[in-house]
>>> print(open('work.txt').read())   # compact mmCIF, C-alpha atoms and all ligand atoms
# COMPACT_ATOMS: atom_id res chain seq x y z
CA MET A 1 86.75 45.29 -35.83
CA LEU A 2 89.63 45.58 -38.25
CA TRP A 3 89.58 44.53 -41.86
CA SER A 4 91.96 41.61 -41.94
CA LEU A 5 93.62 40.60 -45.15
CA ALA A 6 94.74 37.32 -43.64
CA ALA A 7 91.18 36.43 -42.68
CA ILE A 8 89.92 37.13 -46.17
CA LEU A 9 92.74 35.16 -47.74
CA SER A 10 91.93 32.18 -45.58
CA ILE A 11 88.24 32.40 -46.51
CA LEU A 12 89.17 32.55 -50.16
CA SER A 13 91.55 29.63 -50.06
CA THR A 14 89.24 27.33 -48.12
CA GLU A 15 85.79 28.14 -49.42
CA PHE A 16 86.00 30.04 -52.66
CA VAL A 17 87.04 27.27 -54.95
CA CYS A 18 86.09 28.34 -58.43
CA CYS A 19 83.53 30.07 -60.56
CA LEU A 20 80.58 32.17 -59.73
CA ASP A 21 77.74 29.84 -60.50
CA ASN A 22 74.64 31.46 -59.12
CA GLY A 23 72.51 30.68 -62.17
CA LEU A 24 71.97 34.38 -62.89
CA ALA A 25 72.63 36.61 -65.91
CA ARG A 26 72.53 33.77 -68.41
CA THR A 27 71.64 36.58 -70.80
CA PRO A 28 72.56 40.20 -70.05
CA PRO A 29 70.36 41.68 -67.32
CA MET A 30 67.87 44.38 -68.33
CA GLY A 31 66.29 47.01 -66.16
CA TRP A 32 66.30 50.54 -64.87
CA LEU A 33 68.70 52.35 -62.53
CA SER A 34 68.37 55.81 -61.04
CA TRP A 35 71.88 57.26 -61.22
CA THR A 36 72.50 59.03 -64.53
CA ARG A 37 69.08 60.68 -64.67
CA PHE A 38 68.27 61.28 -61.00
CA THR A 39 71.76 61.26 -59.40
CA CYS A 40 71.72 62.10 -55.69
CA ASN A 41 68.72 64.38 -55.61
CA THR A 42 67.46 64.03 -52.05
CA ASN A 43 65.30 67.13 -52.12
CA CYS A 44 61.88 65.61 -51.64
CA VAL A 45 60.50 68.81 -50.21
CA THR A 46 60.35 70.85 -53.39
CA ASP A 47 61.13 68.15 -55.98
CA MET A 48 58.91 65.29 -54.83
CA ASP A 49 58.60 63.62 -58.24
CA ASN A 50 62.31 63.48 -59.00
CA CYS A 51 64.04 62.90 -55.69
CA ILE A 52 65.51 59.55 -54.64
CA SER A 53 62.50 58.16 -52.79
CA GLU A 54 60.35 55.06 -52.96
CA LYS A 55 57.86 57.03 -55.04
CA LEU A 56 60.37 57.42 -57.87
CA PHE A 57 61.02 53.65 -58.04
CA MET A 58 57.33 52.82 -57.73
CA ASP A 59 56.51 55.28 -60.51
CA MET A 60 59.12 53.70 -62.79
CA ALA A 61 57.86 50.22 -61.96
CA ASP A 62 54.30 51.22 -62.85
CA GLN A 63 55.51 52.70 -66.11
CA MET A 64 57.57 49.62 -66.93
CA VAL A 65 54.50 47.45 -66.52
CA ALA A 66 52.06 49.77 -68.29
CA ASP A 67 54.25 50.58 -71.30
CA GLY A 68 55.54 47.10 -72.06
CA TYR A 69 59.13 47.45 -70.81
CA ARG A 70 58.71 44.62 -68.31
CA ASP A 71 57.23 42.35 -70.94
CA ALA A 72 60.11 43.21 -73.29
CA GLY A 73 62.56 41.92 -70.64
CA TYR A 74 63.44 44.95 -68.49
CA GLU A 75 62.96 43.39 -65.07
CA TYR A 76 65.32 44.95 -62.50
CA VAL A 77 64.30 48.27 -60.94
CA SER A 78 67.42 49.37 -59.12
CA LEU A 79 68.38 51.88 -56.49
CA ASP A 80 71.70 53.62 -56.90
CA ASP A 81 73.51 55.78 -54.35
CA CYS A 82 71.70 57.95 -51.78
CA TRP A 83 68.95 55.55 -50.70
CA LEU A 84 70.58 55.01 -47.32
CA ALA A 85 70.06 56.70 -43.99
CA GLU A 86 73.14 58.54 -42.73
CA ILE A 87 73.74 55.91 -40.03
CA ARG A 88 73.29 52.18 -39.48
CA ASP A 89 70.67 51.02 -36.95
CA LYS A 90 71.49 50.02 -33.37
CA ASP A 91 72.41 46.49 -34.49
CA GLY A 92 74.75 47.77 -37.17
CA ARG A 93 72.35 47.01 -40.00
CA LEU A 94 71.87 49.24 -43.00
CA GLN A 95 68.61 51.13 -43.19
CA ALA A 96 66.93 53.17 -45.89
CA ASP A 97 66.35 56.87 -45.28
CA PRO A 98 63.13 56.71 -43.25
CA LEU A 99 61.58 59.87 -44.68
CA ARG A 100 62.21 59.09 -48.32
CA PHE A 101 61.55 55.33 -48.01
CA PRO A 102 58.70 55.09 -45.49
CA SER A 103 57.86 51.50 -46.55
CA GLY A 104 61.51 50.43 -46.10
CA ILE A 105 63.29 48.26 -48.60
CA THR A 106 61.06 45.32 -47.74
CA GLY A 107 58.02 47.37 -48.76
CA LEU A 108 59.68 48.34 -52.03
CA VAL A 109 60.70 44.73 -52.72
CA LYS A 110 57.09 43.62 -52.22
CA TYR A 111 55.93 46.33 -54.59
CA MET A 112 58.32 45.08 -57.30
CA HIS A 113 57.74 41.37 -56.77
CA SER A 114 53.97 41.72 -56.88
CA ARG A 115 54.36 43.32 -60.32
CA GLY A 116 56.67 40.67 -61.71
CA LEU A 117 59.73 42.92 -61.32
CA LYS A 118 62.90 42.61 -59.27
CA LEU A 119 64.60 45.05 -56.94
CA GLY A 120 68.27 45.99 -57.22
CA ILE A 121 70.18 47.76 -54.47
CA TYR A 122 73.46 49.71 -54.28
CA GLU A 123 76.31 49.55 -51.82
CA ASP A 124 80.04 50.22 -51.79
CA PHE A 125 83.01 48.11 -50.80
CA GLY A 126 84.68 51.07 -49.09
CA THR A 127 83.99 52.86 -45.82
CA ARG A 128 81.48 55.17 -47.52
CA THR A 129 79.58 55.19 -50.80
CA CYS A 130 80.68 57.66 -53.47
CA ALA A 131 78.09 60.13 -52.19
CA GLY A 132 79.16 59.64 -48.58
CA TYR A 133 76.58 57.21 -47.16
CA PRO A 134 77.63 54.25 -44.96
CA GLY A 135 79.76 51.73 -46.89
CA SER A 136 80.11 47.98 -46.42
CA GLU A 137 83.74 47.81 -45.34
CA PHE A 138 83.90 45.81 -42.06
CA TYR A 139 80.20 44.87 -42.49
CA MET A 140 80.13 42.84 -45.68
CA GLN A 141 78.71 39.61 -44.32
CA LEU A 142 76.04 41.41 -42.32
CA ASP A 143 75.10 43.53 -45.33
CA ALA A 144 74.89 40.51 -47.65
CA GLN A 145 72.60 38.84 -45.13
CA THR A 146 70.52 42.00 -44.76
CA PHE A 147 70.00 42.21 -48.54
CA ALA A 148 69.01 38.54 -48.62
CA ASP A 149 66.63 39.00 -45.65
CA TRP A 150 65.02 41.88 -47.50
CA GLU A 151 64.70 39.62 -50.60
CA VAL A 152 66.70 41.93 -52.80
CA ASP A 153 67.55 40.54 -56.28
CA LEU A 154 70.65 42.44 -57.41
CA LEU A 155 73.54 44.23 -55.75
CA LYS A 156 75.53 46.96 -57.51
CA PHE A 157 78.76 47.10 -55.50
CA ASP A 158 80.76 50.29 -55.95
CA GLY A 159 84.37 50.94 -54.96
CA CYS A 160 84.68 54.50 -53.70
CA ASN A 161 86.59 55.13 -50.48
CA SER A 162 88.51 51.88 -50.62
CA ASN A 163 91.99 50.95 -51.76
CA PRO A 164 91.80 49.41 -55.27
CA GLN A 165 94.61 47.05 -54.16
CA ASP A 166 92.01 45.42 -51.89
CA ASP A 167 89.41 44.91 -54.63
CA LYS A 168 90.74 41.49 -55.54
CA PHE A 169 89.97 40.33 -51.99
CA GLY A 170 86.91 42.42 -51.20
CA TYR A 171 84.79 41.66 -54.26
CA PRO A 172 85.32 37.87 -54.05
CA ALA A 173 84.53 38.04 -50.34
CA MET A 174 81.24 39.83 -51.02
CA SER A 175 80.44 37.36 -53.78
CA LEU A 176 81.01 34.53 -51.34
CA TYR A 177 78.88 36.15 -48.65
CA LEU A 178 76.06 36.68 -51.14
CA ASN A 179 76.25 33.06 -52.23
CA LYS A 180 76.27 31.90 -48.62
CA THR A 181 72.91 33.56 -48.00
CA GLY A 182 71.38 31.05 -50.41
CA ARG A 183 69.40 33.78 -52.16
CA PRO A 184 70.22 34.32 -55.84
CA ILE A 185 71.43 37.93 -55.91
CA LEU A 186 72.87 39.15 -59.19
CA PHE A 187 76.28 40.65 -58.42
CA SER A 188 77.16 43.79 -60.37
CA CYS A 189 80.73 44.92 -59.63
CA GLU A 190 82.78 48.02 -60.27
CA TRP A 191 86.04 46.22 -59.43
CA PRO A 192 87.86 46.71 -62.78
CA LEU A 193 86.80 50.37 -63.03
CA TYR A 194 88.69 51.28 -59.89
CA GLU A 195 91.74 49.33 -61.10
CA TYR A 196 91.51 51.14 -64.44
CA GLN A 197 91.38 54.50 -62.68
CA LYS A 198 94.66 53.63 -60.93
CA GLN A 199 96.13 52.19 -64.15
CA MET A 200 96.29 48.73 -62.60
CA PRO A 201 95.75 45.70 -64.86
CA SER A 202 92.54 43.74 -64.31
CA ASN A 203 92.37 39.97 -64.07
CA TYR A 204 89.16 39.33 -65.98
CA THR A 205 89.32 35.59 -65.36
CA ASN A 206 88.96 36.19 -61.64
CA ILE A 207 86.44 38.97 -62.13
CA ALA A 208 84.24 36.65 -64.22
CA LYS A 209 84.41 34.04 -61.46
CA THR A 210 83.22 36.61 -58.95
CA CYS A 211 80.70 38.90 -60.62
CA ASN A 212 77.76 38.54 -63.00
CA VAL A 213 78.43 41.91 -64.63
CA TRP A 214 81.25 44.39 -64.16
CA ARG A 215 81.87 48.03 -64.96
CA ASN A 216 85.37 48.66 -66.32
CA PHE A 217 85.25 52.21 -67.69
CA TRP A 218 84.25 55.73 -66.65
CA ASP A 219 80.66 56.51 -65.72
CA VAL A 220 78.46 57.09 -68.75
CA SER A 221 77.10 60.60 -68.98
CA ASP A 222 74.24 61.98 -71.00
CA SER A 223 76.47 63.03 -73.88
CA TRP A 224 77.66 61.87 -77.28
CA ASP A 225 81.31 62.22 -76.26
CA SER A 226 80.71 59.77 -73.45
CA ILE A 227 79.07 57.22 -75.76
CA LYS A 228 81.82 57.57 -78.38
CA GLY A 229 84.49 57.19 -75.68
CA ILE A 230 82.94 53.94 -74.47
CA ILE A 231 82.66 52.57 -78.03
CA LYS A 232 86.33 53.38 -78.62
CA TYR A 233 87.45 51.75 -75.38
CA TYR A 234 85.44 48.59 -76.10
CA GLY A 235 86.80 48.54 -79.65
CA ASP A 236 90.41 49.06 -78.67
CA ASN A 237 90.24 46.23 -76.10
CA ASN A 238 87.94 44.04 -78.10
CA ALA A 239 89.80 40.71 -78.09
CA LEU A 240 90.46 40.73 -74.34
CA PHE A 241 86.88 41.63 -73.48
CA GLN A 242 85.34 39.17 -75.93
CA ALA A 243 87.42 36.31 -74.56
CA ASN A 244 86.21 36.95 -71.01
CA SER A 245 82.49 37.44 -71.44
CA GLY A 246 79.54 35.16 -71.98
CA PRO A 247 76.49 33.71 -70.24
CA GLY A 248 76.81 34.30 -66.50
CA GLY A 249 79.35 37.13 -66.81
CA PHE A 250 79.13 40.23 -68.99
CA PHE A 251 81.08 43.48 -69.34
CA ASP A 252 78.97 46.46 -68.35
CA PRO A 253 79.62 49.62 -70.39
CA ASP A 254 77.14 51.41 -68.07
CA MET A 255 73.63 52.77 -68.35
CA ILE A 256 71.49 53.39 -71.42
CA VAL A 257 70.73 57.11 -71.69
CA LEU A 258 68.10 56.91 -74.44
CA GLY A 259 65.27 59.27 -73.61
CA ASP A 260 67.45 61.76 -71.74
CA PHE A 261 68.68 65.11 -73.05
CA GLY A 262 72.11 64.59 -74.57
CA LEU A 263 71.77 62.32 -77.62
CA SER A 264 70.18 62.95 -81.00
CA TYR A 265 67.80 60.31 -82.34
CA TYR A 266 70.62 58.88 -84.49
CA GLN A 267 73.05 58.84 -81.58
CA GLN A 268 70.43 56.96 -79.56
CA ARG A 269 70.32 54.34 -82.32
CA VAL A 270 74.08 54.04 -81.95
CA GLN A 271 74.04 53.48 -78.20
CA MET A 272 71.23 50.93 -78.30
CA THR A 273 72.83 49.04 -81.18
CA MET A 274 76.36 48.93 -79.82
CA TRP A 275 75.24 47.81 -76.36
CA ALA A 276 73.21 45.06 -78.02
CA MET A 277 76.22 44.06 -80.15
CA TRP A 278 78.32 43.61 -77.02
CA SER A 279 75.65 41.60 -75.17
CA ALA A 280 75.82 44.33 -72.56
CA PRO A 281 73.37 44.80 -69.71
CA LEU A 282 70.56 47.11 -70.86
CA VAL A 283 69.98 49.25 -67.82
CA MET A 284 68.08 52.41 -68.64
CA SER A 285 68.51 55.58 -66.64
CA ASN A 286 65.81 57.91 -67.92
CA ASP A 287 62.38 59.13 -66.98
CA LEU A 288 59.90 56.61 -68.32
CA ARG A 289 57.02 58.89 -67.26
CA ASN A 290 58.14 61.38 -69.82
CA ILE A 291 59.88 59.94 -72.87
CA ARG A 292 59.61 60.62 -76.59
CA PRO A 293 57.99 57.88 -78.69
CA GLU A 294 61.09 57.40 -80.87
CA SER A 295 63.28 56.70 -77.81
CA LYS A 296 60.69 54.32 -76.42
CA ALA A 297 60.46 52.53 -79.77
CA LEU A 298 64.23 51.97 -79.81
CA LEU A 299 64.24 50.72 -76.21
CA LEU A 300 61.49 48.26 -77.10
CA ASN A 301 62.79 47.32 -80.57
CA LYS A 302 62.37 43.53 -80.60
CA ARG A 303 65.07 42.89 -83.17
CA LEU A 304 67.68 44.91 -81.25
CA LEU A 305 66.70 43.28 -77.96
CA GLU A 306 67.00 39.85 -79.54
CA ILE A 307 70.60 40.66 -80.55
CA ASP A 308 71.44 41.74 -77.01
CA GLN A 309 69.74 38.70 -75.51
CA ASP A 310 71.14 36.16 -77.95
CA PRO A 311 71.64 32.97 -75.91
CA MET A 312 75.29 32.55 -76.96
CA GLY A 313 76.09 35.95 -75.43
CA VAL A 314 79.06 36.66 -77.70
CA MET A 315 80.53 40.14 -77.61
CA ALA A 316 80.83 41.45 -81.18
CA SER A 317 84.23 41.83 -82.87
CA ARG A 318 85.33 45.14 -84.30
CA ILE A 319 86.58 43.75 -87.57
CA TRP A 320 87.76 46.97 -89.10
CA LEU A 321 88.25 50.62 -88.35
CA PHE A 322 89.14 53.16 -91.03
CA SER A 323 89.30 56.65 -89.61
CA ASN A 324 85.71 57.30 -88.49
CA LEU A 325 84.05 54.28 -90.07
CA GLU A 326 84.04 50.97 -88.26
CA LEU A 327 82.48 47.57 -88.80
CA TRP A 328 81.36 45.23 -86.03
CA LEU A 329 80.32 41.59 -86.39
CA LYS A 330 78.44 39.41 -83.92
CA PRO A 331 77.53 35.75 -84.34
CA VAL A 332 73.96 35.06 -83.23
CA MET A 333 71.35 32.35 -83.42
CA PRO A 334 70.11 30.68 -85.53
CA LYS A 335 73.33 28.82 -86.14
CA GLY A 336 75.60 30.45 -88.69
CA SER A 337 73.93 33.89 -88.50
CA PHE A 338 75.64 37.23 -88.03
CA VAL A 339 74.65 40.76 -87.21
CA PHE A 340 76.90 43.35 -88.80
CA VAL A 341 76.99 47.03 -87.98
CA TYR A 342 78.63 49.94 -89.74
CA PHE A 343 79.18 52.86 -87.35
CA TYR A 344 80.12 56.23 -88.87
CA SER A 345 81.21 58.88 -86.39
CA GLN A 346 81.45 61.90 -88.64
CA ASP A 347 80.08 65.31 -87.67
CA ASN A 348 79.17 66.66 -91.12
CA GLY A 349 78.05 65.58 -94.57
CA ASN A 350 75.30 63.26 -95.74
CA GLY A 351 76.92 59.98 -94.76
CA ILE A 352 78.49 57.53 -97.14
CA PRO A 353 77.28 54.87 -99.56
CA LEU A 354 78.98 51.54 -98.89
CA SER A 355 79.56 48.64 -101.28
CA THR A 356 81.22 45.59 -99.79
CA PRO A 357 81.54 42.05 -101.08
CA LEU A 358 79.84 39.95 -98.43
CA ASP A 359 82.89 37.74 -97.87
CA GLY A 360 84.86 40.90 -97.13
CA ILE A 361 82.64 41.32 -94.06
CA GLY A 362 83.36 37.72 -93.05
CA LEU A 363 80.15 36.13 -94.34
CA THR A 364 81.46 33.20 -96.31
CA ASP A 365 78.76 30.52 -96.35
CA PRO A 366 78.66 29.48 -100.05
CA ASN A 367 74.88 28.94 -99.97
CA GLY A 368 74.28 32.59 -99.13
CA TYR A 369 72.22 34.51 -96.60
CA ASN A 370 68.85 36.19 -96.15
CA ILE A 371 69.65 39.74 -95.07
CA THR A 372 67.33 42.05 -93.14
CA GLU A 373 67.97 45.58 -91.93
CA VAL A 374 67.47 45.38 -88.17
CA ILE A 375 66.14 48.66 -86.78
CA ASP A 376 63.20 49.01 -89.18
CA GLY A 377 63.02 45.32 -90.06
CA GLN A 378 63.29 45.84 -93.81
CA TYR A 379 64.06 42.63 -95.75
CA MET A 380 66.90 43.24 -98.23
CA GLY A 381 67.20 39.96 -100.15
CA ILE A 382 69.42 36.92 -100.62
CA TYR A 383 73.18 37.48 -100.93
CA LYS A 384 76.00 35.07 -101.78
CA PRO A 385 79.50 35.66 -100.40
CA SER A 386 80.66 37.03 -103.75
CA ASP A 387 77.70 39.46 -104.02
CA THR A 388 78.23 43.12 -103.25
CA PHE A 389 76.22 44.37 -100.31
CA LYS A 390 75.17 48.01 -100.64
CA CYS A 391 73.89 50.31 -97.95
CA HIS A 392 74.18 53.91 -96.76
CA VAL A 393 75.34 54.97 -93.30
CA TYR A 394 74.54 58.48 -92.02
CA PRO A 395 76.70 60.72 -89.79
CA ASN A 396 76.80 59.63 -86.14
CA ASP A 397 74.53 56.74 -86.97
CA VAL A 398 74.67 53.00 -87.55
CA PHE A 399 73.55 50.68 -90.29
CA VAL A 400 72.53 47.36 -88.72
CA ALA A 401 71.79 44.15 -90.63
CA LYS A 402 71.22 40.52 -89.77
CA ALA A 403 72.33 37.75 -92.11
CA VAL A 404 70.79 34.30 -91.65
CA PRO A 405 72.35 31.49 -93.74
CA LEU A 406 70.05 29.61 -96.09
CA SER A 407 71.76 26.34 -95.27
CA GLY A 408 72.09 26.68 -91.47
CA ALA A 409 75.80 26.01 -91.87
CA PHE A 410 78.23 26.57 -89.07
CA TRP A 411 79.98 29.93 -88.63
CA ALA A 412 82.80 29.86 -91.13
CA ARG A 413 86.39 30.60 -90.26
CA SER A 414 87.06 33.61 -92.43
CA LYS A 415 89.76 36.12 -93.23
CA VAL A 416 88.38 38.55 -90.69
CA SER A 417 87.53 36.40 -87.70
CA ASP A 418 87.86 33.00 -86.12
CA TRP A 419 84.66 31.69 -84.63
CA SER A 420 85.90 28.21 -83.89
CA PHE A 421 85.13 28.64 -80.17
CA LEU A 422 81.42 28.83 -80.92
CA GLU A 423 80.85 25.13 -81.41
CA LYS A 424 82.03 24.41 -77.87
CA ARG A 425 80.00 27.29 -76.47
CA MET A 426 76.87 26.04 -78.20
CA LYS A 427 77.46 22.55 -76.82
CA ASP A 428 78.07 23.89 -73.30
CA LEU A 429 74.85 25.88 -73.53
CA LYS A 430 72.98 22.89 -74.99
CA LEU A 431 72.12 24.89 -78.06
CA LEU A 432 73.33 22.18 -80.42
C1 LIG B 1 80.10 55.90 -59.02
C2 LIG B 1 79.53 54.86 -59.94
C3 LIG B 1 78.24 55.39 -60.55
C4 LIG B 1 77.25 55.75 -59.46
C5 LIG B 1 77.89 56.75 -58.49
C6 LIG B 1 77.02 56.97 -57.27
O1 LIG B 1 80.54 57.03 -59.71
O2 LIG B 1 80.44 54.52 -60.93
O3 LIG B 1 77.67 54.43 -61.42
O4 LIG B 1 76.86 54.58 -58.78
O5 LIG B 1 79.16 56.28 -58.03
O6 LIG B 1 77.60 57.84 -56.34
>>> encode(input="work.txt", output="structure tokens", more="lines below")
Ligand code: GLA
Amino acid sequence: MLWSLAAILSILSTEFVCCLDNGLARTPPMGWLSWTRFTCNTNCVTDMDNCISEKLFMDMADQMVADGYRDAGYEYVSLDDCWLAEIRDKDGRLQADPLRFPSGITGLVKYMHSRGLKLGIYEDFGTRTCAGYPGSEFYMQLDAQTFADWEVDLLKFDGCNSNPQDDKFGYPAMSLYLNKTGRPILFSCEWPLYEYQKQMPSNYTNIAKTCNVWRNFWDVSDSWDSIKGIIKYYGDNNALFQANSGPGGFFDPDMIVLGDFGLSYYQQRVQMTMWAMWSAPLVMSNDLRNIRPESKALLLNKRLLEIDQDPMGVMASRIWLFSNLELWLKPVMPKGSFVFVYFYSQDNGNGIPLSTPLDGIGLTDPNGYNITEVIDGQYMGIYKPSDTFKCHVYPNDVFVAKAVPLSGAFWARSKVSDWSFLEKRMKDLKLL
């Protein structure tokens, strides 16, 4: 059976009319994914607790329930690469490695669903996954149906071993096949990442019609350089990304590595805050059985999670960048409120004291704002636009504050940003 471009084009023109509307990801999805922490460790003989097996996912699920992650909103427990058997079954269907997944995917799905969690699965648009397991090319419809039959809730669809020129046909085709199963399956794509790697432009309008979330930059690694690189890329492309994201479709800067080995406590504050500011998926890849209390507290910080899950789903704007100090602004509910974040990426010193007139940050409501520091929840007082706001930001750390207007006025058009699109978004979302 040959992959036929003409066949796909005809499917797209007749059936794929417009807009992924599967009702999912109205706020950014939250969950856990195995890759960054557990990679492709298939050695269950001598490393039983850490290999890619059903036990690992069941352990994480138990921990998510017991420690309050599920109740905080982390609901998807997701397989990444290396869950598959080396070959398809006699009918061409995918199958999990029988030794490492003795209950099969259906058993694992039942385990998750009975605990109020969801199961995510991983496949690849190409002939093989990145780690070399069977890919979906030539089998997409069958695989979509298999995932639906298994009652899977999310598909992460990778793009190794395919031609990125085909992504614009392959990802919409898979999206269509998933929709045709009738089961709501959140579609997490890596389409723009593979275009980026080949320096091809990405059409985010089409991507947003096809996917619920999409990776568009290099894999995150457990390192500060990786986190800084992602923040820079999202800052440098801020206007384009902001214009193409919102409820139903979010940019995915990749997994949260809080609780792993590479980030200091302050750097962990930075990752959690910036991902929340972008309304990014919060998908942890760590070992919840063994995590320091300060990492856990950040992952469960209600005020940060509320910023990420804000119903308007607006990606923050980077409103200024001076050398290694930057300021980000995100409109949130209640109406007229903002979260603002100073991020200081300096490797020495004691940080810097900051004094900014509030209207210089873009907070211009004449009646003023109640301002609260977000991570610790410290109330700071009432500020008018002409008042000077003072704070201190430490090296490789963030200062995060939320400003709620006293009057409940609309977001003002200011020198630094134009939020006029928000009124329509609020109406569309029935928030007004
Ligand atoms: C790619 C993806 C990663 C991960 C690996 C698995 O690199 O970008 O997120 O899924 O493949 O092999």
>>> atom_distance(input="work.txt", atom1="atom CA of Asn50 of chain A", atom2="atom CA of Trp214 of chain A")
27.4 Å
>>> closest_residue(input="work.txt", among="A:Tyr196, A:Phe147, A:Phe157, A:Trp278", to="Gly182 of chain A", atoms="all atoms listed in the file")
A:Phe147
>>> closest_residue(input="work.txt", among="A:Ile105, A:Met312, A:Leu178, A:Ala280", to="Met140 of chain A", atoms="all atoms listed in the file")
A:Leu178
>>> residues_near_ligand(input="work.txt", ligand="ligand LIG 1 (chain B)", cutoff="8 Å", atoms="all atoms listed in the file", output="ChimeraX atom specification")
/A:35-36,39-40,80-82,122,129-131,156,158-160,190,193,215,218-220,254
>>> closest_residue(input="work.txt", among="A:Met255, A:Leu406, A:Cys44, A:Leu282", to="Asp222 of chain A", atoms="only C-alpha atoms")
A:Met255
>>> closest_residue(input="work.txt", among="A:Asp397, A:Glu137, A:Asp252, A:Glu75", to="Asn212 of chain A", atoms="only C-alpha atoms")
A:Asp252
>>> residues_near_point(input="work.txt", point="(78.6, 42.8, -43.5)", cutoff="12 Å", atoms="all atoms listed in the file", output="MDAnalysis selection string")
chainID A and resid 1 3 88 91:94 123:127 134:148 170 173:178 181
